[in-house]
Each structure stands twice: as C-alpha cells, then as structure tokens.
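Colleague: Quick one: structure below, then a few questions.
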Amino acid sequence: MMQAEVTPAAIALVGLLAALFLHDFVTLQRNRRLLLVQLVVFAGGAWLIVYPEVARRLAHFVGIGRGVDFVLYPLVIWLVRESLLSRRRRHEEQERVTELVRAMATSGAYELAGAVAEPATDHSSKRAPAHSSAVAASCTE
Amino acid sequence: MRIAVLMPAFNEEGRLARTLDDLAGAIPSTDHVCVFLVDDGSAPAIDEKALRAAAPGLRIVVARHAVNLGQGAALETARRLALEPRWQPGEGPFEAFVTMDSDGQHRGSDVLALAGAIAAGADVALGDRFAGGSAVPRSRRALLAFARAFERATTGLRLSDVHNGLRAFGPRAIASMRIRQNRMAHATELSRSISRASAERAKDDQLTVVEVPVSVRYSDESLAKGQSASGAITIVVDLFHGFLFSDGRGPR
C-alpha cells in the first residue's frame, strides 16, 4: 500500500548516503561498532527518503504539516544544542590546556644568571637548565 | 621599594631588550626590582644573551609557555610567579606589582611613578596615556573612545584610559586580580575586577584606585602588532564566551 517514490532527489540522496557509508567503511574499518550504528541510522534515513509517506503519516498524526518537517524540527533542536555543548567543551578544554602550559612554565621558571642584585651570591654564568629547582632555590637568597 | 614587574612577551625580538634596557636605566639602586618575564611561546624563543647584555643589573625571572596562549594568559602566569614564595626578595615580599608591555611603548620611569602611587597608599594605579601627553594616533583615539564607552557600560569603572597595559597593584589588590581571559579581553576583565573590588560593601575591603599620567610611545612596529578594530570584535566574543561558560568553578 505504501508506494516507493523514486524521484531524482531520492536517488541522489540515497546515493550520497551509500557513498558516505562506503567511504567510512573503507577508512574506519577497525571501528566495527561505530560502522554498525552508522549503517542502522543511514538505512533508516534511506527508508524515510524512499518512502516519504511514512514520515508524512507520522507528521499528520502529531499535527505537523509536512513529513520533512517531522524529521527536521527535532534535528535542528539537536544541532543547536550540540553546537552550544561543543563550544562549552572547547572552552573547558582550553582552560585545561592553559593550566597545563602554565604549570609547565612556572615549574620550569628560572632566574636569568648574572643578576647583580646581590653581588655576594655565586650565580654561575651558564644558562640555568629549565627544570633545575636548585637554581630556583638559590634565587630566594 | 620592592617591585615586581609582570611582563608578557611574544615575538618582540629587539624591542624586548630595549624595553628592559630602558627599565634598568630608570631604577634607582635603592629599589629592588624583579621582572617576571613570560615568553608566550615566541618563535624563535627569547634571546637570553641579548637580554642579559641589555640589562645586566636587572633581576629577571623567565618562564616560557610551550605554546602561544595569549597576553592575558601570560600576564596571569607572571602574576602567579610573582606571588610564589621562592621568588620573593630576601628583605620581604613585593610591595607593588606593575604590569608592563614588552614592546617598548611604556617607559621605565612610568613604572616607578605607578609604584610610587602604590607606596603612597593606593591599591590600584592605572596609567593614563591621555594625561601624559602621548602622541596617540587618530585611529587609536577612535578605537579607545569606543573601548572607554564599552568599559563604562559593562564594568561601571569611569576611567579616562582603558586597555592601557601599564598598571600597578598593591599586595592586597593583586591577590584578587585573577585573569581567566587568555587573549586581549583580559583588559576588560581586569577593569571589571577592579570595579568590583573598589565598590566592595565593607569599607575595609574597598580598593582605592588612582590614575597616573604616563606616556605611551607609538612605533610603527607596535602599532602593527597592536589591536585593530577587528580585534575589538574578538574581544567582545571572548567576553561573551567567558560570560557563558566560566561559571567561577573551572580549574582553580
């Protein structure tokens, strides 16, 4: 009773899905589980493309005009949320990197040799190694 | 007086040595000055020999960011270093903390003037380049006027000069000046911290803020490296991200 609608658009879209899956199948071979999830999701998408009547009936059932909108609305909401979350994640990641780089910088801080603030101290003229805590201690006087 | 100079540097090449030379020349022998120089991932790295040659008498503590993080991050690293016990002078802790650019636009004598304001009892002393008779280029004036209006609206601090890298803090003030904005938005963040601290409810916790005339030297090099109008947009975006995502918890 449900008719497959094989329009040029449907062929192009399903072709795109197939091509993407093929690409990932070749490049992501080792991650079988992810491929399986992708296959299921893509197959679902292809089914909705070829049998738009499915989405159309579901849409009418919940009071949305077009079948496409039934798929699009949740998708847009999900994408907006995803973008905010990834921005936050990037921000937090950056804060972590900052603290890491800072910790490295402060633990490797050293006083430039040859300062003449206290002439009595024996600062060697060699460049202090970046990780020498002994040098650090000598600078406190 | 014991002064810690917080100095971020990124690809300053010869300008850095000239800055330190000028600073060393301005310091009287009675003052103990230590420069906390943070190399923000310069490539090539800072040439220490040139620094040593330029300022043989200056005490310099060097730290290096493995990757470039931005001026705000470098200042924060310098601030934390200056508060570490191991770098305190033998005679006692630092009495003034002065932030200064490393490209030669600030004068060593102005560092002392700001530190002097701290010694005179202020908690925060901010450089005012308009009162100091600097030849501020027209393009800069327009940008700074915009920045000033933005600062007033967002921080409530009425300053004649904003985003001037030359500032001094007393020990009480520096403790609350933590910088989370890694890039150029840290100037606005600092204004906000200062504004908040100067309006503390308890009188004893209030910070006193003064503005001190300083002169800023503009060179073609420093102008090319400085902030442009598109930088202003980046700053606003960074501030918005900070507002959205920094909930005050975060790492430390």
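Letters A, B, ... go to the chains of the structure tokens in the order shown; residues in each chain start at 1; ligands are counted from 1 in the same order.
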Select, as a PDB file with N, CA and C atoms, in the first residue's frame, those residues of chain B with any atom no more than 8 Å from chain A (distances computed using only C-alpha atoms).
Modeller:
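Dumped everything to result-v8.pdb:
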ATOM      1  N   HIS B  32      64.418  47.422  44.811  1.00  0.00           N
ATOM      2  CA  HIS B  32      64.613  46.037  44.383  1.00  0.00           C
ATOM      3  C   HIS B  32      63.542  45.731  43.337  1.00  0.00           C
ATOM      4  N   GLU B  48      68.214  35.090  25.462  1.00  0.00           N
ATOM      5  CA  GLU B  48      68.601  35.495  26.807  1.00  0.00           C
ATOM      6  C   GLU B  48      69.893  36.294  26.843  1.00  0.00           C
ATOM      7  N   ARG B  52      70.408  39.742  28.778  1.00  0.00           N
ATOM      8  CA  ARG B  52      71.433  39.920  29.800  1.00  0.00           C
ATOM      9  C   ARG B  52      72.324  41.111  29.446  1.00  0.00           C
ATOM     10  N   PRO B  56      72.119  44.287  32.369  1.00  0.00           N
ATOM     11  CA  PRO B  56      72.965  43.419  33.195  1.00  0.00           C
ATOM     12  C   PRO B  56      72.620  43.482  34.677  1.00  0.00           C
ATOM     13  N   GLY B  57      72.078  44.601  35.135  1.00  0.00           N
ATOM     14  CA  GLY B  57      71.850  44.735  36.564  1.00  0.00           C
ATOM     15  C   GLY B  57      70.461  44.327  37.007  1.00  0.00           C
ATOM     16  N   LEU B  58      69.628  43.948  36.051  1.00  0.00           N
ATOM     17  CA  LEU B  58      68.221  43.726  36.374  1.00  0.00           C
ATOM     18  C   LEU B  58      67.980  42.269  36.780  1.00  0.00           C
ATOM     19  N   ARG B  59      67.198  42.074  37.827  1.00  0.00           N
ATOM     20  CA  ARG B  59      66.820  40.721  38.212  1.00  0.00           C
ATOM     21  C   ARG B  59      65.665  40.281  37.313  1.00  0.00           C
ATOM     22  N   ILE B  60      65.859  39.177  36.586  1.00  0.00           N
ATOM     23  CA  ILE B  60      64.834  38.724  35.641  1.00  0.00           C
ATOM     24  C   ILE B  60      64.519  37.255  35.871  1.00  0.00           C
ATOM     25  N   VAL B  61      63.244  36.953  36.099  1.00  0.00           N
ATOM     26  CA  VAL B  61      62.797  35.564  36.197  1.00  0.00           C
ATOM     27  C   VAL B  61      62.065  35.240  34.901  1.00  0.00           C
ATOM     28  N   VAL B  62      62.491  34.187  34.231  1.00  0.00           N
ATOM     29  CA  VAL B  62      61.917  33.843  32.931  1.00  0.00           C
ATOM     30  C   VAL B  62      61.084  32.576  33.035  1.00  0.00           C
ATOM     31  N   ALA B  63      59.893  32.605  32.435  1.00  0.00           N
ATOM     32  CA  ALA B  63      59.081  31.389  32.290  1.00  0.00           C
ATOM     33  C   ALA B  63      58.627  31.347  30.852  1.00  0.00           C
ATOM     34  N   ARG B  64      58.461  30.150  30.338  1.00  0.00           N
ATOM     35  CA  ARG B  64      58.097  30.057  28.930  1.00  0.00           C
ATOM     36  C   ARG B  64      56.878  29.174  28.730  1.00  0.00           C
ATOM     37  N   HIS B  65      55.891  29.723  28.053  1.00  0.00           N
ATOM     38  CA  HIS B  65      54.741  28.906  27.645  1.00  0.00           C
ATOM     39  C   HIS B  65      55.171  28.024  26.471  1.00  0.00           C
ATOM     40  N   ALA B  66      54.864  26.741  26.560  1.00  0.00           N
ATOM     41  CA  ALA B  66      55.259  25.826  25.491  1.00  0.00           C
ATOM     42  C   ALA B  66      54.530  26.142  24.196  1.00  0.00           C
ATOM     43  N   VAL B  67      53.321  26.664  24.308  1.00  0.00           N
ATOM     44  CA  VAL B  67      52.581  27.100  23.127  1.00  0.00           C
ATOM     45  C   VAL B  67      52.041  28.500  23.398  1.00  0.00           C
ATOM     46  N   LEU B  69      49.540  31.251  24.130  1.00  0.00           N
ATOM     47  CA  LEU B  69      48.198  31.240  24.720  1.00  0.00           C
ATOM     48  C   LEU B  69      47.522  32.598  24.618  1.00  0.00           C
ATOM     49  N   ALA B  73      46.788  35.254  29.292  1.00  0.00           N
ATOM     50  CA  ALA B  73      47.319  34.045  29.925  1.00  0.00           C
ATOM     51  C   ALA B  73      48.741  34.283  30.415  1.00  0.00           C
ATOM     52  N   THR B  77      50.185  34.064  34.248  1.00  0.00           N
ATOM     53  CA  THR B  77      51.346  33.255  34.639  1.00  0.00           C
ATOM     54  C   THR B  77      52.350  34.121  35.406  1.00  0.00           C
ATOM     55  N   LEU B  81      53.605  33.686  39.289  1.00  0.00           N
ATOM     56  CA  LEU B  81      55.031  33.582  39.600  1.00  0.00           C
ATOM     57  C   LEU B  81      55.424  34.599  40.668  1.00  0.00           C
ATOM     58  N   ARG B  86      59.090  31.454  46.462  1.00  0.00           N
ATOM     59  CA  ARG B  86      60.508  31.268  46.150  1.00  0.00           C
ATOM     60  C   ARG B  86      61.142  32.461  45.442  1.00  0.00           C
ATOM     61  N   TRP B  87      60.329  33.325  44.844  1.00  0.00           N
ATOM     62  CA  TRP B  87      60.913  34.473  44.134  1.00  0.00           C
ATOM     63  C   TRP B  87      60.883  35.760  44.953  1.00  0.00           C
ATOM     64  N   GLN B  88      60.360  35.696  46.183  1.00  0.00           N
ATOM     65  CA  GLN B  88      60.278  36.926  46.968  1.00  0.00           C
ATOM     66  C   GLN B  88      61.687  37.407  47.329  1.00  0.00           C
ATOM     67  N   PRO B  89      61.886  38.711  47.351  1.00  0.00           N
ATOM     68  CA  PRO B  89      63.192  39.241  47.743  1.00  0.00           C
ATOM     69  C   PRO B  89      63.492  38.892  49.196  1.00  0.00           C
ATOM     70  N   GLY B  90      64.770  38.829  49.534  1.00  0.00           N
ATOM     71  CA  GLY B  90      65.152  38.480  50.895  1.00  0.00           C
ATOM     72  C   GLY B  90      64.618  39.439  51.931  1.00  0.00           C
ATOM     73  N   HIS B 241      31.825  34.501  25.580  1.00  0.00           N
ATOM     74  CA  HIS B 241      32.113  33.107  25.900  1.00  0.00           C
ATOM     75  C   HIS B 241      32.460  32.949  27.373  1.00  0.00           C
ATOM     76  N   PHE B 245      30.427  30.514  29.746  1.00  0.00           N
ATOM     77  CA  PHE B 245      30.984  29.219  30.121  1.00  0.00           C
ATOM     78  C   PHE B 245      31.830  29.217  31.396  1.00  0.00           C
ATOM     79  N   GLY B 250      35.610  25.925  37.340  1.00  0.00           N
ATOM     80  CA  GLY B 250      36.789  25.748  36.491  1.00  0.00           C
ATOM     81  C   GLY B 250      37.987  25.254  37.256  1.00  0.00           C
ATOM     82  N   PRO B 251      39.111  25.078  36.561  1.00  0.00           N
ATOM     83  CA  PRO B 251      40.327  24.657  37.244  1.00  0.00           C
ATOM     84  C   PRO B 251      40.859  25.801  38.093  1.00  0.00           C
TER      85      PRO B 251
END
Colleague: Would you mind listing what lies within 12 Å of Phe240 of chain B as a ChimeraX atom specification, with only C-alpha atoms counted and same-chain residues fewer than 6 positions away left out?
Modeller: /A:87-88,91 /B:154,181,185,188-189,233-234,246
Colleague: Could the residues in this selection be written to a file with N, CA and C atoms, as an mmCIF file, in the first residue's frame?
Modeller:
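Contents of selection.cif, as written:
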data_model
loop_
_atom_site.group_PDB
_atom_site.id
_atom_site.type_symbol
_atom_site.label_atom_id
_atom_site.label_comp_id
_atom_site.auth_asym_id
_atom_site.auth_seq_id
_atom_site.Cartn_x
_atom_site.Cartn_y
_atom_site.Cartn_z
ATOM 1 N N ARG A 87 30.886 24.125 21.999
ATOM 2 C CA ARG A 87 31.562 25.367 22.351
ATOM 3 C C ARG A 87 32.022 25.335 23.805
ATOM 4 N N ARG A 88 31.133 24.863 24.665
ATOM 5 C CA ARG A 88 31.497 24.815 26.075
ATOM 6 C C ARG A 88 32.647 23.852 26.300
ATOM 7 N N HIS A 91 35.798 25.433 25.298
ATOM 8 C CA HIS A 91 36.207 26.430 26.289
ATOM 9 C C HIS A 91 36.872 25.759 27.488
ATOM 10 N N THR B 154 29.960 48.282 30.751
ATOM 11 C CA THR B 154 29.988 46.901 31.227
ATOM 12 C C THR B 154 30.638 46.740 32.593
ATOM 13 N N GLN B 181 40.654 35.380 31.087
ATOM 14 C CA GLN B 181 40.619 35.649 29.644
ATOM 15 C C GLN B 181 42.030 35.534 29.086
ATOM 16 N N ALA B 185 40.892 40.139 25.812
ATOM 17 C CA ALA B 185 39.756 40.553 26.635
ATOM 18 C C ALA B 185 40.129 40.660 28.112
ATOM 19 N N THR B 188 39.503 44.117 29.821
ATOM 20 C CA THR B 188 38.151 44.371 30.301
ATOM 21 C C THR B 188 37.878 43.585 31.577
ATOM 22 N N GLU B 189 38.384 42.349 31.594
ATOM 23 C CA GLU B 189 38.198 41.510 32.775
ATOM 24 C C GLU B 189 38.846 42.170 34.004
ATOM 25 N N ILE B 233 36.119 43.070 17.982
ATOM 26 C CA ILE B 233 35.043 42.089 17.849
ATOM 27 C C ILE B 233 35.434 40.789 18.557
ATOM 28 N N THR B 234 36.692 40.375 18.342
ATOM 29 C CA THR B 234 37.186 39.176 19.025
ATOM 30 C C THR B 234 37.042 39.322 20.533
ATOM 31 N N SER B 246 32.332 30.398 31.809
ATOM 32 C CA SER B 246 33.138 30.405 33.027
ATOM 33 C C SER B 246 32.224 30.656 34.209
#
Colleague: Can you work out which one of A:Val68, A:Ala4, A:Ala43, A:Leu13 has the shortest atom-to-atom distance to Ala55 of chain A, counting only C-alpha atoms?
Modeller: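 Ranked by minimum distance to Ala55 of chain A, first place goes to A:Val68.
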Colleague: Write out as a PyMOL selection string each polymer residue whose atoms come within 9 Å of Ala53 of chain B, counting only C-alpha atoms; drop sequence neighbours fewer than 4 positions from it.
Modeller: chain B and resi 17+21+48-49
Colleague: Could you save the residues just selected, with C-alpha atoms, as a PDB file, in the first residue's frame?
Modeller:
ATOM      1  CA  ALA B  17      65.865  44.127  25.063  1.00  0.00           C
ATOM      2  CA  ASP B  21      67.372  48.429  28.992  1.00  0.00           C
ATOM      3  CA  GLU B  48      68.601  35.495  26.807  1.00  0.00           C
ATOM      4  CA  LYS B  49      72.080  36.657  25.966  1.00  0.00           C
TER       5      LYS B  49
END
Colleague: Just the number, please: distance in Å from atom CA of Glu91 of chain B to atom CA of Val210 of chain B, one decimal.
Modeller: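 Result for atom CA of Glu91 of chain B versus atom CA of Val210 of chain B: 27.2 Å, one decimal.
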Colleague: Extract, using only C-alpha atoms, all DNA, RNA and protein residues at most 8 Å from Ala125 of chain B, discarding same-chain residues fewer than 4 positions from it, and format them as JSON, numbers by chain.
Modeller: {"B": [114, 115, 117, 118, 167, 168, 169, 209, 210, 211, 212]}
Colleague: Just the residues within 12 Å of Asp69 of chain A, please, counting only C-alpha atoms, with nothing from its chain fewer than 6 positions along; format it as a ChimeraX atom specification.
Modeller: /A:52,55-60,62-63,75-76
Colleague: Please produce a file of the residues just selected, as a short mmCIF file (atom, residue, chain, number, x, y, z; two decimals), in the first residue's frame, where the atoms kept are C-alpha atoms.
Modeller:
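Wrote selection.cif, looks like this:
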data_model
loop_
_atom_site.label_atom_id
_atom_site.label_comp_id
_atom_site.auth_asym_id
_atom_site.auth_seq_id
_atom_site.Cartn_x
_atom_site.Cartn_y
_atom_site.Cartn_z
CA PRO A 52 8.18 9.62 2.37
CA ALA A 55 7.14 10.46 7.72
CA ARG A 56 4.06 12.16 6.22
CA ARG A 57 1.64 9.97 8.16
CA LEU A 58 3.62 10.33 11.39
CA ALA A 59 3.67 14.11 10.87
CA HIS A 60 -0.06 14.30 10.30
CA VAL A 62 1.18 14.63 15.63
CA GLY A 63 -0.15 17.71 13.82
CA LEU A 75 17.15 17.68 14.07
CA VAL A 76 17.51 21.48 14.30
#
Colleague: Residues within 7 Å of segment 190-196 of chain B, please, as a ChimeraX atom specification. Count only C-alpha atoms; anything in the same chain fewer than 6 positions from it doesn't count.
Modeller: /B:155-157,177
Colleague: Pick out the residues sitting within 9 Å of Asp31 of chain B, and hand them over as number ranges by chain; count only C-alpha atoms, and ignore anything fewer than 2 positions along from it in its own chain.
Modeller: B: 1-3, 27-29, 33
Colleague: From the set B:Pro213, B:Pro171, B:Gly121, B:Pro85, which residue has the shortest atom-to-atom contact distance to Val98 of chain B, counting only C-alpha atoms?
Modeller: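 With only C-alpha atoms as the atom set, the closest residue is B:Pro171.
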Colleague: Using atom CA of Arg33 of chain A and atom CA of Trp47 of chain A as the two end points, give the distance in Å to one decimal.
Modeller: 21.3 Å
Colleague: In terms of the shortest atom-to-atom distance over only C-alpha atoms, which of B:Ala135, B:Ala187, B:Leu20, B:Cys34 is closest to Ala147 of chain B?
Modeller: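 Counting only C-alpha atoms, the residue closest to Ala147 of chain B is B:Ala187.
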